[in-house]
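Okay, upload.txt is below, compact mmCIF, N, CA and C atoms and all ligand atoms:
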# COMPACT_ATOMS: atom_id res chain seq x y z
N MET A 1 11.19 -18.66 -3.45
CA MET A 1 10.35 -18.78 -4.65
C MET A 1 11.21 -19.22 -5.85
N GLU A 2 10.63 -20.10 -6.63
CA GLU A 2 11.33 -20.62 -7.80
C GLU A 2 11.65 -19.48 -8.77
N ASN A 3 12.82 -19.55 -9.39
CA ASN A 3 13.24 -18.55 -10.38
C ASN A 3 13.49 -17.16 -9.81
N CYS A 4 13.57 -17.03 -8.51
CA CYS A 4 13.95 -15.73 -7.93
C CYS A 4 15.44 -15.79 -7.61
N ILE A 5 16.19 -14.91 -8.25
CA ILE A 5 17.65 -14.92 -8.10
C ILE A 5 18.07 -14.66 -6.65
N PHE A 6 17.35 -13.77 -5.94
CA PHE A 6 17.74 -13.47 -4.56
C PHE A 6 17.35 -14.60 -3.61
N CYS A 7 16.26 -15.33 -3.90
CA CYS A 7 15.96 -16.54 -3.11
C CYS A 7 17.09 -17.55 -3.28
N LYS A 8 17.57 -17.69 -4.51
CA LYS A 8 18.67 -18.64 -4.78
C LYS A 8 19.95 -18.20 -4.08
N ILE A 9 20.19 -16.89 -4.04
CA ILE A 9 21.37 -16.38 -3.32
C ILE A 9 21.23 -16.66 -1.83
N ALA A 10 20.05 -16.40 -1.28
CA ALA A 10 19.82 -16.62 0.16
C ALA A 10 19.98 -18.10 0.52
N GLN A 11 19.61 -18.97 -0.43
CA GLN A 11 19.71 -20.42 -0.19
C GLN A 11 21.08 -20.98 -0.58
N LYS A 12 21.98 -20.08 -1.02
CA LYS A 12 23.37 -20.43 -1.41
C LYS A 12 23.40 -21.34 -2.66
N GLU A 13 22.36 -21.25 -3.45
CA GLU A 13 22.37 -21.99 -4.73
C GLU A 13 23.15 -21.19 -5.76
N ILE A 14 23.22 -19.86 -5.55
CA ILE A 14 24.05 -18.97 -6.37
C ILE A 14 25.05 -18.34 -5.41
N PRO A 15 26.36 -18.37 -5.77
CA PRO A 15 27.36 -17.83 -4.84
C PRO A 15 27.28 -16.32 -4.71
N SER A 16 27.65 -15.84 -3.53
CA SER A 16 27.69 -14.39 -3.28
C SER A 16 28.70 -14.18 -2.16
N THR A 17 29.07 -12.92 -1.97
CA THR A 17 29.98 -12.58 -0.87
C THR A 17 29.13 -12.07 0.29
N GLY A 18 28.89 -12.93 1.24
CA GLY A 18 28.03 -12.58 2.37
C GLY A 18 28.76 -11.70 3.38
N VAL A 19 28.01 -10.78 3.97
CA VAL A 19 28.59 -9.94 5.03
C VAL A 19 27.80 -10.05 6.34
N TYR A 20 26.60 -10.61 6.27
CA TYR A 20 25.77 -10.74 7.48
C TYR A 20 24.70 -11.80 7.19
N GLU A 21 24.39 -12.57 8.22
CA GLU A 21 23.29 -13.54 8.08
C GLU A 21 22.71 -13.83 9.45
N ASP A 22 21.40 -13.97 9.50
CA ASP A 22 20.74 -14.49 10.69
C ASP A 22 19.55 -15.34 10.23
N GLU A 23 18.71 -15.69 11.17
CA GLU A 23 17.57 -16.57 10.86
C GLU A 23 16.64 -15.99 9.79
N HIS A 24 16.54 -14.67 9.76
CA HIS A 24 15.55 -14.01 8.90
C HIS A 24 16.14 -13.34 7.65
N LEU A 25 17.41 -12.98 7.72
CA LEU A 25 18.01 -12.11 6.70
C LEU A 25 19.31 -12.65 6.16
N TYR A 26 19.64 -12.17 4.96
CA TYR A 26 20.97 -12.40 4.39
C TYR A 26 21.42 -11.09 3.75
N ALA A 27 22.70 -10.76 3.90
CA ALA A 27 23.25 -9.54 3.30
C ALA A 27 24.52 -9.91 2.56
N PHE A 28 24.67 -9.34 1.38
CA PHE A 28 25.79 -9.72 0.51
C PHE A 28 26.19 -8.54 -0.36
N ARG A 29 27.39 -8.61 -0.93
CA ARG A 29 27.92 -7.53 -1.75
C ARG A 29 27.22 -7.49 -3.12
N ASP A 30 26.87 -6.27 -3.54
CA ASP A 30 26.23 -6.09 -4.84
C ASP A 30 27.24 -6.42 -5.96
N LEU A 31 26.75 -7.10 -6.98
CA LEU A 31 27.59 -7.51 -8.12
C LEU A 31 28.06 -6.29 -8.92
N ASN A 32 27.30 -5.22 -8.87
CA ASN A 32 27.57 -4.03 -9.68
C ASN A 32 27.62 -2.80 -8.75
N PRO A 33 28.68 -2.71 -7.92
CA PRO A 33 28.68 -1.71 -6.85
C PRO A 33 28.66 -0.26 -7.36
N GLN A 34 27.85 0.55 -6.70
CA GLN A 34 27.72 1.98 -7.03
C GLN A 34 28.46 2.85 -6.03
N ALA A 35 29.21 2.22 -5.14
CA ALA A 35 29.97 2.94 -4.11
C ALA A 35 31.04 1.97 -3.61
N PRO A 36 32.07 2.49 -2.93
CA PRO A 36 33.13 1.59 -2.42
C PRO A 36 32.56 0.45 -1.58
N GLU A 37 31.52 0.72 -0.82
CA GLU A 37 30.82 -0.35 -0.09
C GLU A 37 29.37 -0.36 -0.59
N HIS A 38 28.93 -1.49 -1.11
CA HIS A 38 27.55 -1.59 -1.63
C HIS A 38 27.03 -2.98 -1.27
N ILE A 39 26.13 -2.99 -0.31
CA ILE A 39 25.59 -4.24 0.25
C ILE A 39 24.09 -4.30 -0.02
N LEU A 40 23.59 -5.49 -0.28
CA LEU A 40 22.15 -5.72 -0.41
C LEU A 40 21.70 -6.54 0.79
N ILE A 41 20.64 -6.08 1.45
CA ILE A 41 20.11 -6.80 2.61
C ILE A 41 18.72 -7.31 2.23
N ILE A 42 18.55 -8.61 2.31
CA ILE A 42 17.27 -9.21 1.86
C ILE A 42 16.66 -10.07 2.97
N PRO A 43 15.32 -10.13 2.99
CA PRO A 43 14.68 -11.12 3.85
C PRO A 43 14.80 -12.49 3.19
N LYS A 44 14.93 -13.55 3.98
CA LYS A 44 14.97 -14.90 3.40
C LYS A 44 13.60 -15.27 2.83
N LYS A 45 12.56 -14.69 3.43
CA LYS A 45 11.20 -14.89 2.93
C LYS A 45 11.04 -14.11 1.62
N HIS A 46 10.42 -14.72 0.62
CA HIS A 46 10.23 -14.01 -0.65
C HIS A 46 9.09 -12.99 -0.54
N ILE A 47 9.44 -11.73 -0.71
CA ILE A 47 8.46 -10.64 -0.81
C ILE A 47 8.91 -9.84 -2.03
N ALA A 48 8.04 -9.69 -3.01
CA ALA A 48 8.48 -9.08 -4.27
C ALA A 48 8.72 -7.59 -4.13
N ARG A 49 7.74 -6.88 -3.58
CA ARG A 49 7.80 -5.41 -3.53
C ARG A 49 7.19 -4.89 -2.25
N VAL A 50 7.35 -3.60 -2.02
CA VAL A 50 6.76 -2.95 -0.84
C VAL A 50 5.24 -3.17 -0.81
N GLU A 51 4.59 -3.12 -1.97
CA GLU A 51 3.13 -3.27 -1.96
C GLU A 51 2.67 -4.69 -1.61
N ASN A 52 3.61 -5.63 -1.54
CA ASN A 52 3.26 -6.99 -1.12
C ASN A 52 3.48 -7.23 0.37
N LEU A 53 3.97 -6.21 1.08
CA LEU A 53 4.18 -6.36 2.52
C LEU A 53 2.85 -6.49 3.26
N GLN A 54 2.86 -7.29 4.32
CA GLN A 54 1.69 -7.46 5.18
C GLN A 54 2.03 -6.90 6.56
N GLU A 55 1.00 -6.68 7.35
CA GLU A 55 1.22 -6.22 8.73
C GLU A 55 2.23 -7.11 9.46
N GLU A 56 2.15 -8.41 9.21
CA GLU A 56 3.02 -9.37 9.90
C GLU A 56 4.50 -9.18 9.53
N ASP A 57 4.78 -8.41 8.49
CA ASP A 57 6.17 -8.18 8.07
C ASP A 57 6.80 -6.96 8.75
N THR A 58 6.04 -6.30 9.61
CA THR A 58 6.53 -5.08 10.26
C THR A 58 7.86 -5.33 10.98
N GLU A 59 7.93 -6.38 11.76
CA GLU A 59 9.16 -6.66 12.52
C GLU A 59 10.31 -7.02 11.57
N LEU A 60 9.99 -7.78 10.55
CA LEU A 60 11.01 -8.19 9.58
C LEU A 60 11.65 -6.96 8.93
N MET A 61 10.84 -5.98 8.55
CA MET A 61 11.38 -4.78 7.90
C MET A 61 12.23 -3.97 8.88
N GLY A 62 11.82 -3.97 10.14
CA GLY A 62 12.65 -3.32 11.16
C GLY A 62 13.98 -4.03 11.29
N ARG A 63 13.95 -5.35 11.21
CA ARG A 63 15.19 -6.13 11.31
C ARG A 63 16.15 -5.75 10.18
N ILE A 64 15.61 -5.47 9.00
CA ILE A 64 16.46 -5.11 7.85
C ILE A 64 17.22 -3.81 8.16
N VAL A 65 16.53 -2.85 8.73
CA VAL A 65 17.19 -1.56 9.03
C VAL A 65 18.22 -1.73 10.15
N ILE A 66 17.88 -2.53 11.15
CA ILE A 66 18.85 -2.78 12.23
C ILE A 66 20.07 -3.54 11.70
N ALA A 67 19.86 -4.45 10.75
CA ALA A 67 20.99 -5.15 10.13
C ALA A 67 21.87 -4.15 9.39
N ALA A 68 21.25 -3.18 8.71
CA ALA A 68 22.01 -2.14 8.00
C ALA A 68 22.90 -1.38 9.00
N GLN A 69 22.32 -1.05 10.14
CA GLN A 69 23.09 -0.35 11.18
C GLN A 69 24.31 -1.19 11.60
N LYS A 70 24.10 -2.48 11.83
CA LYS A 70 25.20 -3.36 12.27
C LYS A 70 26.27 -3.49 11.20
N ILE A 71 25.84 -3.65 9.96
CA ILE A 71 26.79 -3.84 8.85
C ILE A 71 27.60 -2.55 8.65
N ALA A 72 26.91 -1.41 8.69
CA ALA A 72 27.60 -0.11 8.51
C ALA A 72 28.66 0.06 9.59
N GLU A 73 28.34 -0.34 10.79
CA GLU A 73 29.31 -0.23 11.89
C GLU A 73 30.51 -1.16 11.62
N LYS A 74 30.19 -2.38 11.19
CA LYS A 74 31.25 -3.36 10.90
C LYS A 74 32.18 -2.87 9.77
N LEU A 75 31.58 -2.17 8.80
CA LEU A 75 32.36 -1.68 7.66
C LEU A 75 33.04 -0.34 7.98
N GLY A 76 32.75 0.21 9.14
CA GLY A 76 33.41 1.46 9.55
C GLY A 76 32.89 2.69 8.83
N LEU A 77 31.61 2.68 8.48
CA LEU A 77 31.04 3.82 7.74
C LEU A 77 30.61 4.93 8.71
N LYS A 78 31.62 5.51 9.34
CA LYS A 78 31.36 6.48 10.42
C LYS A 78 30.79 7.80 9.90
N LYS A 79 31.05 8.13 8.62
CA LYS A 79 30.59 9.42 8.09
C LYS A 79 29.20 9.35 7.49
N GLY A 80 28.56 8.19 7.58
CA GLY A 80 27.20 8.05 7.05
C GLY A 80 27.14 7.12 5.86
N TYR A 81 25.94 6.92 5.38
CA TYR A 81 25.71 5.99 4.27
C TYR A 81 24.32 6.24 3.72
N ARG A 82 24.07 5.68 2.54
CA ARG A 82 22.77 5.82 1.88
C ARG A 82 22.04 4.48 1.96
N LEU A 83 20.77 4.53 2.35
CA LEU A 83 19.91 3.35 2.37
C LEU A 83 18.79 3.57 1.36
N VAL A 84 18.59 2.60 0.46
CA VAL A 84 17.61 2.78 -0.63
C VAL A 84 16.82 1.50 -0.87
N PHE A 85 15.50 1.65 -0.95
CA PHE A 85 14.64 0.59 -1.50
C PHE A 85 14.19 1.06 -2.88
N ASN A 86 14.71 0.49 -3.94
CA ASN A 86 14.14 0.75 -5.26
C ASN A 86 12.86 -0.09 -5.33
N ASN A 87 11.75 0.51 -5.75
CA ASN A 87 10.48 -0.23 -5.72
C ASN A 87 9.71 -0.04 -7.01
N GLY A 88 9.50 -1.15 -7.73
CA GLY A 88 8.73 -1.10 -8.98
C GLY A 88 9.53 -0.48 -10.10
N PRO A 89 8.97 -0.53 -11.32
CA PRO A 89 9.71 -0.05 -12.51
C PRO A 89 10.14 1.41 -12.41
N ASP A 90 9.28 2.30 -11.98
CA ASP A 90 9.68 3.71 -11.88
C ASP A 90 10.67 3.94 -10.74
N GLY A 91 10.67 3.05 -9.77
CA GLY A 91 11.63 3.15 -8.67
C GLY A 91 12.97 2.53 -8.98
N GLY A 92 13.09 1.95 -10.19
CA GLY A 92 14.37 1.38 -10.61
C GLY A 92 14.63 -0.02 -10.08
N GLN A 93 13.57 -0.71 -9.65
CA GLN A 93 13.75 -2.07 -9.12
C GLN A 93 13.92 -3.07 -10.26
N GLU A 94 15.06 -3.78 -10.26
CA GLU A 94 15.31 -4.79 -11.29
C GLU A 94 15.02 -6.19 -10.78
N VAL A 95 15.30 -6.43 -9.52
CA VAL A 95 15.10 -7.77 -8.95
C VAL A 95 13.87 -7.73 -8.05
N GLU A 96 12.89 -8.57 -8.39
CA GLU A 96 11.59 -8.56 -7.69
C GLU A 96 11.64 -9.41 -6.43
N HIS A 97 12.53 -9.03 -5.55
CA HIS A 97 12.62 -9.60 -4.19
C HIS A 97 13.11 -8.42 -3.36
N ILE A 98 12.27 -7.97 -2.47
CA ILE A 98 12.55 -6.73 -1.74
C ILE A 98 13.97 -6.73 -1.16
N HIS A 99 14.68 -5.60 -1.32
CA HIS A 99 16.07 -5.52 -0.83
C HIS A 99 16.40 -4.09 -0.48
N LEU A 100 17.18 -3.95 0.55
CA LEU A 100 17.68 -2.64 0.96
C LEU A 100 19.12 -2.49 0.48
N HIS A 101 19.37 -1.44 -0.30
CA HIS A 101 20.75 -1.12 -0.69
C HIS A 101 21.39 -0.33 0.45
N LEU A 102 22.54 -0.76 0.89
CA LEU A 102 23.36 -0.01 1.85
C LEU A 102 24.64 0.38 1.10
N MET A 103 24.80 1.69 0.89
CA MET A 103 25.96 2.17 0.13
C MET A 103 26.73 3.18 0.96
N GLY A 104 28.04 3.05 0.92
CA GLY A 104 28.86 3.97 1.70
C GLY A 104 30.27 4.04 1.16
N GLY A 105 31.05 4.92 1.78
CA GLY A 105 32.45 5.09 1.37
C GLY A 105 32.63 6.22 0.38
N ARG A 106 31.54 6.94 0.08
CA ARG A 106 31.63 8.17 -0.72
C ARG A 106 30.47 9.06 -0.33
N LYS A 107 30.51 10.31 -0.80
CA LYS A 107 29.43 11.24 -0.50
C LYS A 107 28.35 11.13 -1.58
N PHE A 108 27.09 11.10 -1.16
CA PHE A 108 25.97 11.00 -2.11
C PHE A 108 25.28 12.34 -2.25
N SER A 109 24.76 12.58 -3.44
CA SER A 109 24.04 13.85 -3.67
C SER A 109 22.54 13.62 -3.51
N TRP A 110 21.80 14.73 -3.47
CA TRP A 110 20.35 14.68 -3.39
C TRP A 110 19.80 15.85 -4.18
N PRO A 111 18.74 15.74 -4.97
CA PRO A 111 17.89 14.55 -5.10
C PRO A 111 18.55 13.43 -5.89
N ALA A 112 18.10 12.19 -5.63
CA ALA A 112 18.59 11.01 -6.34
C ALA A 112 18.17 11.12 -7.81
N GLY A 113 18.94 10.55 -8.69
CA GLY A 113 18.65 10.63 -10.13
C GLY A 113 17.50 9.76 -10.54
P1 LIG B 201 17.54 -3.07 -7.95
O1 LIG B 201 17.76 -2.28 -9.20
O2 LIG B 201 17.20 -2.20 -6.77
O3 LIG B 201 16.56 -4.20 -8.15
O4 LIG B 201 18.95 -3.70 -7.56
C1 LIG B 201 19.32 -4.99 -7.88
C2 LIG B 201 20.78 -5.08 -7.57
O5 LIG B 201 21.12 -6.46 -7.50
C3 LIG B 201 21.72 -4.45 -8.60
O6 LIG B 201 22.45 -3.41 -7.98
C4 LIG B 201 22.65 -5.56 -9.03
C5 LIG B 201 22.43 -6.63 -7.99
N1 LIG B 201 22.46 -7.99 -8.48
C6 LIG B 201 21.72 -8.51 -9.49
N2 LIG B 201 22.02 -9.81 -9.68
C7 LIG B 201 22.95 -10.11 -8.72
C8 LIG B 201 23.65 -11.31 -8.41
O7 LIG B 201 23.47 -12.38 -9.01
N3 LIG B 201 24.55 -11.23 -7.39
C9 LIG B 201 24.77 -10.08 -6.68
N4 LIG B 201 25.69 -10.11 -5.72
N5 LIG B 201 24.13 -8.94 -6.97
C10 LIG B 201 23.24 -8.96 -7.99
Could you take the file, read its structure, and then write that structure out as structure tokens?
Ligand code: DGP
Amino acid sequence: MENCIFCKIAQKEIPSTGVYEDEHLYAFRDLNPQAPEHILIIPKKHIARVENLQEEDTELMGRIVIAAQKIAEKLGLKKGYRLVFNNGPDGGQEVEHIHLHLMGGRKFSWPAG
């Protein structure tokens, strides 16, 4: 989608540090990391938010979680990691292209702030 920063990143129009890519997904390092390892996993297809998901996206969303598993293994996050979808303004979503945060390399507290 035009003017979507994550679409531009997925299309390599904006540079990023990629850690995983396949036909459906792209994963890259967050510009403003909140943990020693902070990766964003995005679908190449533009979907703004969770409420825009369709039944047909079920497999795609599963692929995102499986990609997180593969990346965490590659990064050696044996002690665990945090997976987060910020969704909408109250959920803290700044970029309107659905993305899974994969954060690791430190211990996280709960409840989230
Ligand atoms: P969220 O608040 O959930 O929408 O997270 C958006 C994240 O995207 C935030 O942690 C910073 C990151 N981000 C924003 N712009 C860029 C960019 O141009 N490059 C990269 N690598 N990350 C970005």
List as CSV every residue of chain A that is in contact with ligand LIG 201 (chain B), defined as an atom at most 6 Å from one of its atoms (using only N, CA and C atoms and all ligand atoms), together with the nearest atom pair and the distance in Å rounded to one decimal, sorted by chain and then rising number.
residue,atom,partner,partner_atom,distance
A:Ser16,CA,B:LIG201,N4,5.3
A:Thr17,N,B:LIG201,N4,5.8
A:Phe28,C,B:LIG201,N4,5.6
A:Arg29,C,B:LIG201,N4,4.0
A:Asp30,C,B:LIG201,N4,4.0
A:Leu31,N,B:LIG201,N5,3.2
A:Asn32,N,B:LIG201,C4,4.7
A:Phe85,C,B:LIG201,O2,5.9
A:Asn86,CA,B:LIG201,O2,4.5
A:Gly92,C,B:LIG201,O1,4.0
A:Gln93,C,B:LIG201,O3,3.6
A:Glu94,N,B:LIG201,O3,2.6
A:Val95,N,B:LIG201,O3,2.9
A:Glu96,N,B:LIG201,O3,5.7
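When all atoms listed in the file are used to measure the gap to Leu40 in chain A, the shortest distance among A:Ile9, A:Ala27, A:Ala68, A:Ile98 belongs to A:Ala27.
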Practice problem: Can you work out the spacing between atom N of Val84 in chain A and CA of Glu23 in chain A in Å, to one decimal? | Solution: 21.8 Å
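The shell of residues at most 9 Å from Lys79 in chain A, with only C-alpha atoms counted and near chain neighbours (fewer than 3 positions) removed, consists of Gly76, Gly104, Gly105, Arg106 and Lys107 of chain A.
You will find atom N of Ile47 in chain A at 19.7 Å from atom C of Val19 in chain A.
Atom pair CA of Lys44 in chain A / atom N of Met103 in chain A: separated by 19.4 Å.
Candidate residues A:Leu60, A:Ala112, A:Leu100, A:Asn87 were compared for distance to Ile39 in chain A, and the nearest is A:Leu100, using only N, CA and C atoms.
Take the candidates A:Met1, A:Ala10, A:Ala35, A:Leu77 and check each one against Phe108 in chain A using only C-alpha atoms; the shortest distance goes to A:Ala35.
With only N, CA and C atoms as the basis for measurement, A:Pro43 is the residue among A:Pro43, A:Pro111, A:Gly18, A:Pro36 that approaches Phe6 in chain A most closely.
Nearest residue to Gly88 in chain A among A:Lys12, A:Arg49, A:His38, A:His24 is A:Arg49, counting only N, CA and C atoms.
Of the residues listed (A:Trp110, A:Ile14, A:Leu53, A:Ile42), A:Ile42 shows the shortest atom-to-atom separation from Tyr26 in chain A; distances use all atoms listed in the file.
Residues of chain A carrying a DSSP assignment of strand (DSSP E or B), computed from the backbone, are Gly18, Val19, Tyr20, Glu21, Leu25, Tyr26, Ala27, Phe28, Arg29, Glu37, His38, Ile39, Leu40, Ile41, Ile42, Pro43, Arg82, Leu83, Val84, Leu100, His101, Leu102, Met103 and Gly104 of chain A.
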